[in-house]
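Chemist: Pasting a structure here, questions to come.
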Amino acid sequence: MARQTLFLGRLFDIRVGVHISWLAVYAFMTVALARALGMLPPTEAYTLGAVCALALFASVVAHELAHALVARRFGVRTSAITLFLFGGVATLECEPSSPKADALIAIAGPAMSAVLAVAALAAVAVLDRFGPDGRLHDALGLLGSYVLLANAVLALFNVLPAYPMDGGRILRAWLWRRWRDRDAATNAASRVGIVFALLFVAAGVLVVAATHELTYGWYVLLGVFLLRQGASGERASRPVRPLSDTEAVAIA
């Protein structure tokens with residue numbers, strides 16, 4: 001993936017970049033948001049759409065940065081944060097050393113997204129109360145609502161117990177604490193993640209077939225991605241050697 005990633009800079013000494021697949025998502029979101037801003041002239045609509053798309057992806061960076069900073073608190077370094085087709089990933093240099101650390105690192109991302117959603121809600125409320133009426137007011141309100149919705153969805157979606165998503169890692173931490181066996185907990189959480197992935201694929205296929213809207217094919221792609229990641233986690237949880245402290249770990 002590194003060869004297909006564009007380096008943007010560093011935040012808190014963590015390398016931040018975007019995979020080339022992210023560029024397609026950014027272009028799609030800019031166009032979709034601009035079309036929703038039909039009350040504005042095309043130039044203004046596309047400009048605001050592009051800015052809002054950047055705000056949404058900045059929210060993803062903040063989500064991943066929360067993981068990274070909490071991980072640092074527990075002595076786990078983060079080598080990179082990368083935006084890609086399905087959102088973002090923070091690459092931890094090793095596994096957390098305890099179930100508590102694992103759970104707190106995992107929950108930090110959804111918690112940050114929830115805080116951003118509340119902040120967007122407050123901004124929209126202030127705009128409605130004090131902002132001047134007009135097309136720009138309506139456009140900013142709509143864009144603020146998008147940021148609110150995106151962060152709320154990001155927070156709620158990521159707490160689904162589908163490993164390696166945040167909720168799946170929280171499930172693993174709980175099983176790890178209960179069983180005192182990280183590999184067994186990873187194996188179980190990965191299998192739960194595989195079930196969720198298959199449900200995503202099936203739901204996506206059924207909705208596309210029923211509505212003939214290819215947009216819902218996104219859930220199929222997401223399900224396939226989670227299926228691959230879950231299967232990879234399940235295989236990795238049956239090691240033939242002790243886990244190296246320097247082995248990289250990805251957290252969504």
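Chain lettering (A, B, ...) mirrors the order of the structure tokens, residue numbering begins at 1 for each chain separately, and ligand numbering begins at 1 in order of display.
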Set the distance at 10 Å and use only C-alpha atoms: which residues neighbour region 197-204 of chain A once local chain neighbours fewer than 2 positions away are removed? I'd like the list as a CSV table (one decimal) with N, CA, C and O atoms, in the first residue's frame.

Modeler:
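What ended up in result-v8.csv:
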chain,number,residue,atom,x,y,z
A,162,ALA,N,-17.6,-5.9,14.7
A,162,ALA,CA,-17.1,-6.6,13.5
A,162,ALA,C,-15.6,-6.3,13.4
A,162,ALA,O,-15.2,-5.3,12.8
A,163,TYR,N,-14.8,-7.2,13.9
A,163,TYR,CA,-13.4,-7.1,13.9
A,163,TYR,C,-12.9,-7.1,12.4
A,163,TYR,O,-13.4,-7.8,11.6
A,191,ARG,N,-14.2,-14.1,13.9
A,191,ARG,CA,-15.3,-14.9,13.3
A,191,ARG,C,-16.6,-14.1,13.4
A,191,ARG,O,-17.4,-14.2,12.5
A,192,VAL,N,-16.8,-13.3,14.5
A,192,VAL,CA,-17.9,-12.5,14.5
A,192,VAL,C,-17.9,-11.4,13.4
A,192,VAL,O,-18.9,-11.1,12.7
A,193,GLY,N,-16.7,-10.9,13.2
A,193,GLY,CA,-16.5,-9.9,12.1
A,193,GLY,C,-16.8,-10.6,10.7
A,193,GLY,O,-17.4,-9.9,9.9
A,194,ILE,N,-16.5,-11.8,10.5
A,194,ILE,CA,-16.8,-12.5,9.3
A,194,ILE,C,-18.3,-12.6,9.1
A,194,ILE,O,-18.8,-12.4,8.0
A,195,VAL,N,-19.0,-12.9,10.2
A,195,VAL,CA,-20.5,-13.0,10.1
A,195,VAL,C,-21.1,-11.6,9.7
A,195,VAL,O,-21.9,-11.6,8.8
A,206,LEU,N,-29.1,-7.7,-2.0
A,206,LEU,CA,-30.5,-7.7,-2.0
A,206,LEU,C,-31.1,-6.3,-2.2
A,206,LEU,O,-32.1,-6.2,-3.0
A,207,VAL,N,-30.5,-5.3,-1.6
A,207,VAL,CA,-31.0,-3.9,-1.8
A,207,VAL,C,-30.7,-3.5,-3.2
A,207,VAL,O,-31.6,-2.8,-3.9
A,208,VAL,N,-29.6,-3.8,-3.8
A,208,VAL,CA,-29.3,-3.4,-5.2
A,208,VAL,C,-30.3,-4.1,-6.1
A,208,VAL,O,-30.9,-3.5,-7.1
A,209,ALA,N,-30.6,-5.4,-5.9
A,209,ALA,CA,-31.5,-6.1,-6.7
A,209,ALA,C,-32.9,-5.6,-6.6
A,209,ALA,O,-33.7,-5.5,-7.6
A,210,ALA,N,-33.3,-5.1,-5.4
A,210,ALA,CA,-34.7,-4.6,-5.2
A,210,ALA,C,-34.9,-3.2,-5.7
A,210,ALA,O,-35.9,-2.9,-6.2
A,214,LEU,N,-27.2,1.2,-7.9
A,214,LEU,CA,-25.9,0.7,-7.8
A,214,LEU,C,-25.1,1.3,-6.6
A,214,LEU,O,-24.1,0.7,-6.1
A,215,THR,N,-25.6,2.4,-6.1
A,215,THR,CA,-25.0,3.1,-5.0
A,215,THR,C,-24.9,2.1,-3.8
A,215,THR,O,-23.9,2.2,-3.0
A,216,TYR,N,-25.9,1.3,-3.6
A,216,TYR,CA,-25.9,0.4,-2.5
A,216,TYR,C,-24.8,-0.7,-2.6
A,216,TYR,O,-24.6,-1.5,-1.7
A,217,GLY,N,-24.2,-0.8,-3.8
A,217,GLY,CA,-23.2,-1.8,-4.0
A,217,GLY,C,-22.0,-1.5,-3.1
A,217,GLY,O,-21.1,-2.3,-2.9
A,218,TRP,N,-21.9,-0.2,-2.5
A,218,TRP,CA,-20.9,0.1,-1.6
A,218,TRP,C,-20.9,-0.8,-0.4
A,218,TRP,O,-19.8,-1.2,0.1
A,219,TYR,N,-22.0,-1.3,0.0
A,219,TYR,CA,-22.1,-2.2,1.2
A,219,TYR,C,-21.5,-3.6,0.8
A,219,TYR,O,-21.0,-4.2,1.7
A,220,VAL,N,-21.7,-3.9,-0.4
A,220,VAL,CA,-21.0,-5.2,-0.9
A,220,VAL,C,-19.5,-5.1,-0.8
A,220,VAL,O,-18.8,-6.0,-0.3
A,221,LEU,N,-19.0,-4.0,-1.3
A,221,LEU,CA,-17.5,-3.7,-1.3
A,221,LEU,C,-17.0,-3.7,0.1
A,221,LEU,O,-16.0,-4.3,0.5
A,222,LEU,N,-17.8,-3.0,1.0
A,222,LEU,CA,-17.4,-2.9,2.4
A,222,LEU,C,-17.4,-4.3,3.0
A,222,LEU,O,-16.5,-4.6,3.8
A,223,GLY,N,-18.4,-5.1,2.7
A,223,GLY,CA,-18.5,-6.4,3.3
A,223,GLY,C,-17.4,-7.3,2.8
A,223,GLY,O,-16.8,-8.0,3.6
A,224,VAL,N,-17.0,-7.2,1.6
A,224,VAL,CA,-15.9,-8.0,1.1
A,224,VAL,C,-14.6,-7.5,1.8
A,224,VAL,O,-13.8,-8.4,2.1
A,225,PHE,N,-14.4,-6.2,2.0
A,225,PHE,CA,-13.2,-5.7,2.7
A,225,PHE,C,-13.2,-6.3,4.1
A,225,PHE,O,-12.1,-6.8,4.5
A,226,LEU,N,-14.3,-6.2,4.8
A,226,LEU,CA,-14.3,-6.7,6.2
A,226,LEU,C,-14.1,-8.3,6.2
A,226,LEU,O,-13.5,-8.8,7.1
A,227,LEU,N,-14.7,-8.9,5.2
A,227,LEU,CA,-14.5,-10.4,5.1
A,227,LEU,C,-13.0,-10.7,5.0
A,227,LEU,O,-12.5,-11.7,5.7
A,228,ARG,N,-12.3,-10.0,4.1
A,228,ARG,CA,-10.9,-10.3,4.0
A,228,ARG,C,-10.1,-10.0,5.3
A,228,ARG,O,-9.2,-10.8,5.7
A,229,GLN,N,-10.5,-8.9,5.9
A,229,GLN,CA,-9.8,-8.5,7.1
A,229,GLN,C,-10.1,-9.4,8.2
A,229,GLN,O,-9.2,-9.8,9.0
A,230,GLY,N,-11.3,-9.9,8.3
A,230,GLY,CA,-11.7,-10.8,9.4
A,230,GLY,C,-11.0,-12.1,9.2
A,230,GLY,O,-10.5,-12.7,10.2

Chemist: Could you give me, as a ChimeraX atom specification, each residue of region 6-127 of chain A that DSSP assigns to helix (DSSP H, G or I) when run on this structure's backbone?

Modeler: /A:20-36,42-73,99-127

Chemist: So which residues touch region 59-66 of chain A within 9 Å, counting only C-alpha atoms, skipping near sequence neighbours fewer than 4 positions away, as JSON, numbers by chain?

Modeler: {"A": [11, 12, 14, 16, 54, 55, 70, 71, 81, 82, 83, 87, 88, 89, 90, 105, 108, 109, 110, 111, 112, 113, 116, 147, 150, 151, 154, 155, 251, 252]}

Chemist: Please, which residues of region 19-165 of chain A, numbered as in this document, come out strand (DSSP E or B) from DSSP, as a PyMOL selection string?

Modeler: chain A and resi 19+78-84+87-92

Chemist: Set the distance at 9 Å and use only C-alpha atoms: which residues neighbour Asp102 (chain A) once local chain neighbours fewer than 3 positions away are removed? I'd like the list as a list of chain:residue names.

Modeler: A:Ala71, A:Glu95, A:Pro96, A:Ser97, A:Ser98, A:Pro99, A:Ile105, A:Ala106, A:Ile107, A:Arg169, A:Ile170, A:Arg172, A:Ala173

Chemist: Provide the CA of Leu175 (chain A) to CA of Lys100 (chain A) distance in Å, to one decimal place.

Modeler: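 Computing the Euclidean distance for CA of Leu175 (chain A) and CA of Lys100 (chain A) yields 11.3 Å.
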
Chemist: Please provide the set of residues having any atom within 12 Å of Ala125 (chain A), restricted to only C-alpha atoms, with same-chain residues fewer than 6 positions apart removed, written as a count of residues only.

Modeler: 10

Chemist: Write out as a short mmCIF file (atom, residue, chain, number, x, y, z; two decimals) with all heavy atoms, in the first residue's frame each polymer residue whose atoms come within 9 Å of region 27-42 of chain A, counting only C-alpha atoms; drop sequence neighbours fewer than 2 positions from it.

Modeler:
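Result saved to part_39.cif:
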data_model
loop_
_atom_site.label_atom_id
_atom_site.label_comp_id
_atom_site.auth_asym_id
_atom_site.auth_seq_id
_atom_site.Cartn_x
_atom_site.Cartn_y
_atom_site.Cartn_z
N TRP A 22 -8.54 6.94 -2.28
CA TRP A 22 -9.26 8.01 -1.60
C TRP A 22 -9.61 9.14 -2.55
O TRP A 22 -10.64 9.80 -2.39
CB TRP A 22 -8.40 8.55 -0.46
CG TRP A 22 -8.98 9.74 0.25
CD1 TRP A 22 -9.87 9.74 1.28
CD2 TRP A 22 -8.71 11.12 -0.04
NE1 TRP A 22 -10.16 11.03 1.66
CE2 TRP A 22 -9.47 11.89 0.87
CE3 TRP A 22 -7.90 11.78 -0.96
CZ2 TRP A 22 -9.44 13.29 0.86
CZ3 TRP A 22 -7.86 13.16 -0.97
CH2 TRP A 22 -8.62 13.90 -0.06
N LEU A 23 -8.78 9.38 -3.56
CA LEU A 23 -9.02 10.47 -4.49
C LEU A 23 -10.33 10.27 -5.24
O LEU A 23 -11.07 11.24 -5.49
CB LEU A 23 -7.85 10.58 -5.48
CG LEU A 23 -6.48 10.86 -4.85
CD1 LEU A 23 -5.40 10.88 -5.91
CD2 LEU A 23 -6.50 12.18 -4.09
N ALA A 24 -10.64 9.02 -5.59
CA ALA A 24 -11.90 8.74 -6.28
C ALA A 24 -13.08 9.02 -5.36
O ALA A 24 -14.10 9.58 -5.78
CB ALA A 24 -11.92 7.29 -6.75
N VAL A 25 -12.95 8.65 -4.08
CA VAL A 25 -14.03 8.91 -3.12
C VAL A 25 -14.20 10.41 -2.92
O VAL A 25 -15.34 10.91 -2.84
CB VAL A 25 -13.72 8.22 -1.77
CG1 VAL A 25 -14.81 8.51 -0.75
CG2 VAL A 25 -13.58 6.72 -1.97
N GLU A 44 -20.03 28.07 -6.83
CA GLU A 44 -20.12 28.09 -5.37
C GLU A 44 -20.48 26.73 -4.83
O GLU A 44 -19.96 26.30 -3.78
CB GLU A 44 -21.15 29.14 -4.93
CG GLU A 44 -20.76 30.57 -5.24
CD GLU A 44 -21.81 31.54 -4.76
OE1 GLU A 44 -22.62 31.18 -3.88
OE2 GLU A 44 -21.85 32.68 -5.27
N ALA A 45 -21.38 26.04 -5.52
CA ALA A 45 -21.81 24.72 -5.05
C ALA A 45 -20.64 23.74 -5.03
O ALA A 45 -20.45 23.01 -4.06
CB ALA A 45 -22.93 24.20 -5.94
N TYR A 46 -19.84 23.74 -6.10
CA TYR A 46 -18.71 22.80 -6.15
C TYR A 46 -17.61 23.19 -5.18
O TYR A 46 -16.94 22.32 -4.61
CB TYR A 46 -18.17 22.70 -7.58
CG TYR A 46 -18.96 21.73 -8.43
CD1 TYR A 46 -20.04 22.16 -9.18
CD2 TYR A 46 -18.65 20.36 -8.45
CE1 TYR A 46 -20.78 21.27 -9.96
CE2 TYR A 46 -19.38 19.47 -9.21
CZ TYR A 46 -20.45 19.93 -9.96
OH TYR A 46 -21.19 19.04 -10.70
N THR A 47 -17.43 24.50 -4.98
CA THR A 47 -16.43 24.94 -4.01
C THR A 47 -16.81 24.50 -2.60
O THR A 47 -15.99 23.93 -1.86
CB THR A 47 -16.28 26.47 -4.05
OG1 THR A 47 -15.85 26.87 -5.35
CG2 THR A 47 -15.26 26.93 -3.02
N LEU A 48 -18.06 24.75 -2.21
CA LEU A 48 -18.51 24.35 -0.89
C LEU A 48 -18.54 22.82 -0.76
O LEU A 48 -18.25 22.27 0.30
CB LEU A 48 -19.89 24.93 -0.60
CG LEU A 48 -19.92 26.40 -0.18
CD1 LEU A 48 -21.35 26.89 -0.06
CD2 LEU A 48 -19.18 26.61 1.13
N GLY A 49 -18.91 22.15 -1.85
CA GLY A 49 -18.90 20.68 -1.82
C GLY A 49 -17.51 20.13 -1.57
O GLY A 49 -17.33 19.19 -0.79
N ALA A 50 -16.51 20.74 -2.23
CA ALA A 50 -15.13 20.30 -2.04
C ALA A 50 -14.65 20.56 -0.61
O ALA A 50 -13.98 19.72 0.00
CB ALA A 50 -14.21 21.01 -3.04
N VAL A 51 -15.03 21.74 -0.07
CA VAL A 51 -14.64 22.07 1.31
C VAL A 51 -15.30 21.10 2.30
O VAL A 51 -14.66 20.63 3.25
CB VAL A 51 -15.02 23.52 1.63
CG1 VAL A 51 -14.84 23.81 3.12
CG2 VAL A 51 -14.18 24.49 0.81
N CYS A 52 -16.57 20.80 2.08
CA CYS A 52 -17.27 19.89 2.98
C CYS A 52 -16.68 18.49 2.91
O CYS A 52 -16.52 17.82 3.93
CB CYS A 52 -18.75 19.86 2.63
SG CYS A 52 -19.75 18.87 3.77
N ALA A 53 -16.34 18.03 1.70
CA ALA A 53 -15.72 16.71 1.56
C ALA A 53 -14.40 16.66 2.32
O ALA A 53 -14.08 15.65 2.97
CB ALA A 53 -15.50 16.38 0.08
N LEU A 54 -13.63 17.76 2.25
CA LEU A 54 -12.39 17.82 3.03
C LEU A 54 -12.68 17.78 4.53
O LEU A 54 -11.95 17.13 5.29
CB LEU A 54 -11.62 19.10 2.69
CG LEU A 54 -10.83 19.10 1.38
CD1 LEU A 54 -10.20 20.48 1.16
CD2 LEU A 54 -9.76 18.03 1.40
N ARG A 135 -29.30 32.21 0.65
CA ARG A 135 -28.83 30.96 0.04
C ARG A 135 -27.59 30.42 0.76
O ARG A 135 -27.45 29.22 0.96
CB ARG A 135 -28.51 31.18 -1.44
CG ARG A 135 -29.72 31.46 -2.32
CD ARG A 135 -29.31 31.61 -3.76
NE ARG A 135 -28.26 32.62 -3.92
CZ ARG A 135 -27.66 32.90 -5.09
NH1 ARG A 135 -28.00 32.23 -6.18
NH2 ARG A 135 -26.72 33.83 -5.16
N LEU A 136 -26.69 31.34 1.11
CA LEU A 136 -25.47 30.89 1.79
C LEU A 136 -25.80 30.28 3.14
O LEU A 136 -25.19 29.27 3.54
CB LEU A 136 -24.50 32.07 1.96
CG LEU A 136 -23.15 31.73 2.59
CD1 LEU A 136 -22.42 30.69 1.75
CD2 LEU A 136 -22.30 32.99 2.75
N ASP A 138 -28.54 28.70 3.96
CA ASP A 138 -29.11 27.37 3.72
C ASP A 138 -28.01 26.38 3.34
O ASP A 138 -28.03 25.22 3.78
CB ASP A 138 -30.15 27.44 2.61
CG ASP A 138 -31.37 28.26 3.02
OD1 ASP A 138 -31.59 28.42 4.24
OD2 ASP A 138 -32.09 28.73 2.12
N ALA A 139 -27.07 26.84 2.51
CA ALA A 139 -25.99 25.95 2.07
C ALA A 139 -25.10 25.53 3.24
O ALA A 139 -24.77 24.36 3.39
CB ALA A 139 -25.16 26.63 0.99
N LEU A 142 -26.86 23.07 5.42
CA LEU A 142 -26.88 21.73 4.83
C LEU A 142 -25.54 21.05 4.97
O LEU A 142 -25.46 19.86 5.34
CB LEU A 142 -27.27 21.84 3.35
CG LEU A 142 -27.39 20.52 2.58
CD1 LEU A 142 -28.45 19.62 3.23
CD2 LEU A 142 -27.74 20.79 1.12
N LEU A 143 -24.45 21.79 4.74
CA LEU A 143 -23.12 21.20 4.86
C LEU A 143 -22.81 20.83 6.31
O LEU A 143 -22.22 19.79 6.59
CB LEU A 143 -22.07 22.17 4.33
CG LEU A 143 -22.14 22.42 2.82
CD1 LEU A 143 -21.06 23.41 2.40
CD2 LEU A 143 -21.98 21.13 2.04
N TYR A 146 -24.40 17.64 7.04
CA TYR A 146 -23.65 16.51 6.47
C TYR A 146 -22.52 16.10 7.41
O TYR A 146 -22.29 14.91 7.65
CB TYR A 146 -23.08 16.88 5.10
CG TYR A 146 -24.00 16.60 3.94
CD1 TYR A 146 -24.46 17.62 3.13
CD2 TYR A 146 -24.40 15.30 3.63
CE1 TYR A 146 -25.30 17.38 2.06
CE2 TYR A 146 -25.24 15.04 2.57
CZ TYR A 146 -25.69 16.08 1.79
OH TYR A 146 -26.53 15.84 0.73
#
